[in-house]
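S.K.: Please see the structure below; I have some questions.
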Amino acid sequence: MGFKLTEEFKAKAEKICTQYPRRDAALIPLLLELQKETSYIAEEGMDYSRVKAVTTFYTMFNREPAGKYHLQVCRNISCHMAGAPGLLERLRKKLAIAEGETTKDGLFTLSCVECLGACGLAPVIQVNDKYFENLTAEKVDALLENLRHEL
Amino acid sequence: MPTLTIDGQTIEAAKGTTLLEAAQQLGIYIPRYCYHPNLSVSGNCRMCLVEVEKAPKLVTACSTEAAQGMAVLTASNKVKAARRDVLEFLLINHPLDCPICDQAGECGLQNYYMEYSLAKSRFNAADKVRRPKRRAVGPYLALDNERCILCTRCVRFCSEVTKTSELEVMERSDHSYIGLKEGTALDNGYSLNIADNCPVGAFTSRDFRFKQRVWFLKKTPTVCLGCATGCLIEAQHNENVIYRLTPRPNAETNTWLCDYGRMTYKAVRAGDRLTKGVIKNGQIDLKPALREAAARMDEARRSAAVLGSPWLSVEDNAALARFAKDALRTENYCFDFNCGQGIKDGILINNDPAPNTSGVKPVKAACGGITLTELSRRIAAGRIKAVLMEARAAALIKDALKAAGPRLIVFAANTGEIPAGAYAALPYASYFETPGTFVNYQGLLRRTKPPVEAPEGVKPLWAVVNELASCSGTSLGLDSVEETLKGIYIK
Amino acid sequence: MENILLKDNVAGIEAYVACGGYKPLKKALGLKPAEVIEEVKKSNLRGRGGAGFPAGLKWSFIPKDSRGSRYLVCNADEGEPGTFKDRELMLKNPHALIEGMAIAGYAIGAGRGYIYIRGEFAAEAQLLEKALAAARSKNFIGKNILNSGFDFELSTHRGAGAYICGEETALLQSLEGYTGRPRLKPPFPAVKGLFGCPTVINNVETLAAVPAIIEKGGDWYASIGNGKSAGTKLFCVSGPVNKPGVYELPLGVTFRELLEKSCGGMKPGKKLKAVIPGGSSTPVLTAEEAWAVKLDYESLAASGSMLGSGAVIVIDESQCMVKLLEVLARFYHHESCGQCTPCREGCGWIEKILNRLEEGKGSAEDIDTLYSVADAMKDRTICPLADALALPVMSFVKKFRSEFSAHAAGKTCAGSQRIEVRE
């Protein structure tokens with residue numbers, strides 16, 4: 001597989017590395033940066049076992065290509081009490097996919113995640129980097145529509 | 001030097017001594033999985049939890065330093081309960097495949113379960129977490145992640161000893177497994193130590209697995225002759241067959257053993273093992289072969305040469321020297337070997353591939369002889385008609401041999417060693433079959449102890465030399481191995 | 001009383017400075033580092049991340065004679081379920097954190113600081129970076145701060161999704177680019193921390209309180225709150241209350257006051273059943289226990305629970321305790337780093353038992369096993385993650401055993417039905 005780092009990424013990586021006395025400390029920020037470009041961390045691009053260890057330890061690293069919008073539904077206690085199970089069920093039905101799957105059009109990936117640290121405004125889902133809080137059935141439907149039309 | 005008590009016994013421990021080590025000094029064994037004396041402490045298995053009076057929680061004996069006035073209990077009810085619990089946790093997701101597991105008999109889980117638990121499982125077997133099952137990882141190892149208890153000895157070995165870091169713990173929680181980057185092999189020259197270090201049946205030796213149940217194995221302490229390092233090893237064998245070599249950890253030379261050294265036992269029963277004589281590529285019985293070899297040496301007499309070998313024991317080199325001086329009465333003999341010795345990889349493997357370069361020196365001191373350069377010169381000049389030597393030593397004079405082409409009469413344990421064009425080859429007993437004295441690169445005396453017997457009719461090299469001499473009518477009087485060392489002074 | 005931490009309209013540097021911001025830094029730079037530590041010791045400021053260790057004491061553990069680098073790390077890996085105060089604090093008052101860090105860095109002699117922020121807080125990290133740039137442009141961080149000769153460089157570092165990295169040594173591992181598996185202690189980070197150097201790690205809320213302490217004095221701060229529990233605390237209230245959110249109140253405030261005064265009471269039709277007072281890792285309190293309790297370190301410890309991160313999770317009668325515990329067990333099972341045997345194997349075991357009970361397929365024996373597995377995990381691991389599941393399990397089973405028994409007997413309850421999202 002032709003895995004190649006872009007020049008743009010390399011330049012960014014150099015800058016990030018300067019933040020640490022040891023370059024390898026930048027591994028996690030670099031992988032996050034890389035994922036922004038590639039949507040996932042491909043195993044064939046890994047030079048060391050340690051990179052695989054890190055990408056499989058931290059949950060934010062996707063191991064397969066993700067959809068354009070990664071819907072991450074918090075299912076921890078506060079969101080659970082506020083209706084996360086129903087929210088998840090609704091998304092499953094609307095998107096016709098299960099957790100961990102991506103819609104055929106490549107638009108949405110659905111995941112369950114643990115506490116996102118926004119419990120006061122539960123239930124919460126994170127779409128890529130952005131939080132959507134205090135969700136109701138109506139708001140979630142509107143959110144999906146908005147995302148679809150941002151195509 | 002803190003003074004403390006462990007199970008009521010008082011001990012004065014050196015500063016920095018851990019509770020586990022201090023207990024060991026008192027003869028108190030604390031069970032452990034992740035602890036290994038030659039690896040960093042990780043403290044993850046929690047098997048070595050002990051009670052320290054006044055401490056709020058049990059502490060890991062492997063990581064807790066002995067301190068003044070500590071009162072440590074290693075067998076209190078609290079400690080016993082903790083051990084039972086840890087074992088229960090380790091076993092819940094462990095497969096039930098002991099009958100087909102090659103670790104059986106030397107398994108840390110089986111042993112500790114018998115000693116510390118014997119509890120009935122409360123875990124639903126259908127709930128067991130499945131992990132990757134057996135697969136080959138590299139040329140020497142098989143890995144079964146389901147049997148792994150994640151003690152990380154293997155990970156630490158690869159990061160701290162070989163510094164190759166192939167292994168990592170992937171994923172997390174009870175999905176954690178030891179893995180390496182997809183498509184890579186675990187082949188760092190020392191990989192079989194991982195099988196030794198693995199306290200359970202996760203890493204097993206592909207060479208050893210299923211060959212023999214470990215409880216049948218007998219153990220003989222001996223020496224690795226894979227290079228000049230001279231690691232102390234244990235040959236494990238049964239019914240005259242060696243099954244594996246493992247290190248005998250010692251402060252002077254080795255904790256580990258390299259993969260190359262571990263495989264040296266294979267030559268003993270290799271398909272090309274020489275048990276008969278060879279004359280001009282044809283195998284014949286030893287007696288006629290000896291007579292033929294003796295005749296050819298006799299023919300050459302003063303223009304015959306004898307070359308010792310850094311691959312042979314002191315005894316066998318001494319016998320060759322006696323042959324040159326007393327049977328052939330030639331001046332063309334050489335016991336002069338030099339090699340820049342030293343550990344080349346920072347671990348164990350020596351610059352000098354031969355085990356006895358240092359051990360030949362006392363033979364030279366006692367018997368004299370010419371230098372290797374001089375012998376090469378004489379051969380190259382065509383002054384030497386026949387050379388008697390050990391097969392691998394031919395490499396040391398290969399240019400001269402190519403230039404002149406004297407008759408070569410070699411001692412060889414395996415036909416693969418015989419240099420092309422040799423006139424005759426004579427079999428001899430390997431040092432897994434006969435005792436021999438060696439001196440390693442540090443100048444330490446190393447004596448092999450034979451775990452197995454030589455194939456029928458195959459004798460120690462010194463005895464073959466003795467017979468060779470008598471074929472030409474000379475009695476060297478080498479009736480015992482002790483006799484060969486007469487007049488040789490080894491420091 | 002006036003809020004110390006949560007203030008409105010101070011997010012921008014101009015506004016923050018206009019309110020007297022960064023004066024405490026200037027003041028601190030005029031003191032000796034030891035004097036700054038002394039002031040913080042006097043304030044009785046304790047770690048707001050969960051453990052409640054005295055901050056000044058922690059700073060004083062940095063070996064005086066250590067050579068080479070020292071580090072200050074801010075733990076902004078807010079991940080304890082129920083907790084969302086640091087996020088709010090960083091959004092509303094980022095400069096209090098930055099100033100607090102500059103002061104702490106000066107006090108412990110650290111030239112470099114990192115704010116380790118959980119990976120999901122991407123927007124928050126960006127805003128923090130902007131605030132850092134603003135502070136740098138005014139020489140509040142960087143080289144030769146305010147002509148004092150003190151250099152302190154500071155940047156954010158994002159995690160990538162691992163609850164365990166809120167544990168300080170796991171955080172350090174992660175900051176060094178490794179998997180976040182906690183280290184053995186000793187050595188403690190103050191002696192051997194980030195990159196092997198002496199390091200202090202403090203929570204966002206702890207560090208953000210420092211400027212006010214320097215400004216108004218340790219005695220002033222110590223006078224707020226309830227004895228050894230000094231100062232204000234950010235309480236994050238979630239669950240079926242009228243106004244969930246983050247509230248800054250003096251330590252020692254009663255739960256009743258927090259719920260009724262600050263949060264406007266329970267939502268209509270909801271009756272209080274239980275409270276998890278300090279984040280998901282802390283033992284649950286029954287409604288009766290909760291009504292009476294004061295929210296501070298000592299009072300909550302005396303009630304058998306903990307102040308933790310100040311995350312008050314309110315549970316009403318419609319909820320099934322078995323289901324909620326299953327949700328927590330799933331979380332800890334998912335987040336265990338897998339290093340120590342009892343945690344690695346125990347969290348999953350507990351979740352499986354709870355799955356069975358929840359599905360009505362469990363037995364009475366399962367309840368005892370549940371309790372004893374939790375007991376076998378407790379106090380037996382390198383870090384407290386195992387305890388963080390064990391303690392809730394033991395308290396849930398002890399205090400709500402009848403619900404567990406009902407499940408074991410095959411009865412389902414209203415609360416275990418699927419919870420619908422609001423229409």
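Numbering starts fresh at 1 for the residues of each chain in the structure tokens, the chains themselves are lettered A, B, ... in the order given, and ligands are numbered from 1 as they appear.
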Pick out the residues sitting within 10 Å of A:Gly106, and hand them over as a PyMOL selection string; count only C-alpha atoms, and ignore anything fewer than 6 positions along from it in its own chain.
M.R.: chain A and resi 65-69
S.K.: Which residues of chain B come within 10 Å of chain A, and what is each one's closest atom pair and distance in Å (one decimal), counting only C-alpha atoms, sorted by chain and residue number, as CSV?
M.R.:
residue,atom,partner,partner_atom,distance
B:Thr164,CA,A:Tyr48,CA,9.9
B:Ser165,CA,A:Ser49,CA,7.3
B:Glu166,CA,A:Ser49,CA,5.9
B:Leu167,CA,A:Ser49,CA,6.5
B:Glu168,CA,A:Ala53,CA,6.1
B:Val169,CA,A:Ala53,CA,6.1
B:Met170,CA,A:Ala53,CA,4.5
B:Glu171,CA,A:Thr56,CA,4.7
B:Arg172,CA,A:Phe57,CA,5.7
B:Ser173,CA,A:Phe57,CA,9.2
B:Ser176,CA,A:Phe57,CA,8.8
B:Tyr177,CA,A:Ala53,CA,9.8
B:Ile178,CA,A:Ala53,CA,9.4
B:Gly179,CA,A:Ser49,CA,7.8
B:Leu180,CA,A:Ser49,CA,5.3
B:Lys181,CA,A:Ser49,CA,4.7
B:Glu182,CA,A:Glu43,CA,7.5
B:Gly183,CA,A:Glu44,CA,9.0
B:Thr184,CA,A:Ser49,CA,9.3
S.K.: Distance cut-off 6 Å, counting only C-alpha atoms - which residues of chain C neighbour chain B? Return them as a compact mmCIF listing (two decimals) with N, CA and C atoms, in the first residue's frame.
M.R.:
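Output file iface-v4.txt follows:
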# COMPACT_ATOMS: atom_id res chain seq x y z
N SER C 336 -10.03 0.23 31.77
CA SER C 336 -8.90 -0.38 32.49
C SER C 336 -7.72 -0.46 31.54
N CYS C 337 -6.56 -0.07 32.01
CA CYS C 337 -5.40 -0.10 31.11
C CYS C 337 -4.95 -1.52 30.84
N GLY C 338 -5.38 -2.45 31.70
CA GLY C 338 -5.04 -3.85 31.47
C GLY C 338 -3.74 -4.29 32.10
N GLN C 339 -3.13 -3.42 32.86
CA GLN C 339 -1.82 -3.73 33.40
C GLN C 339 -1.89 -4.70 34.59
N CYS C 340 -2.63 -4.34 35.63
CA CYS C 340 -2.68 -5.18 36.82
C CYS C 340 -3.75 -6.26 36.69
N THR C 341 -3.39 -7.44 37.10
CA THR C 341 -4.29 -8.57 36.96
C THR C 341 -5.69 -8.33 37.54
N ARG C 344 -7.61 -5.77 35.31
CA ARG C 344 -7.79 -6.23 33.93
C ARG C 344 -8.87 -7.31 33.86
N GLU C 345 -8.78 -8.27 34.76
CA GLU C 345 -9.71 -9.39 34.70
C GLU C 345 -11.00 -9.11 35.46
S.K.: Enumerate as an NGL selection string the residues belonging to chain C that approach chain A to within 7 Å, with only C-alpha atoms taken into account.
M.R.: :C and (78-79 or 81-84 or 120 or 122 or 158 or 160-162 or 175-179 or 237-239 or 244-245 or 324 or 327-328 or 331 or 418-423)
S.K.: What is the distance, in Å and to one decimal place, between atom CA of B:Pro451 and atom CA of B:Thr220?
M.R.: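 Here the two named atoms are 5.6 Å from each other.
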S.K.: Could you jot down the atom CA of C:Ala190 to atom CA of C:Phe53 separation for me, Å, one decimal place?
M.R.: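 It comes out at 13.3 Å.
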S.K.: Could you list, as a PyMOL selection string, every residue within 7 Å of B:Thr357, counting only C-alpha atoms and ignoring same-chain residues fewer than 2 positions away?
M.R.: chain B and resi 310+337-338+354-355+359-360
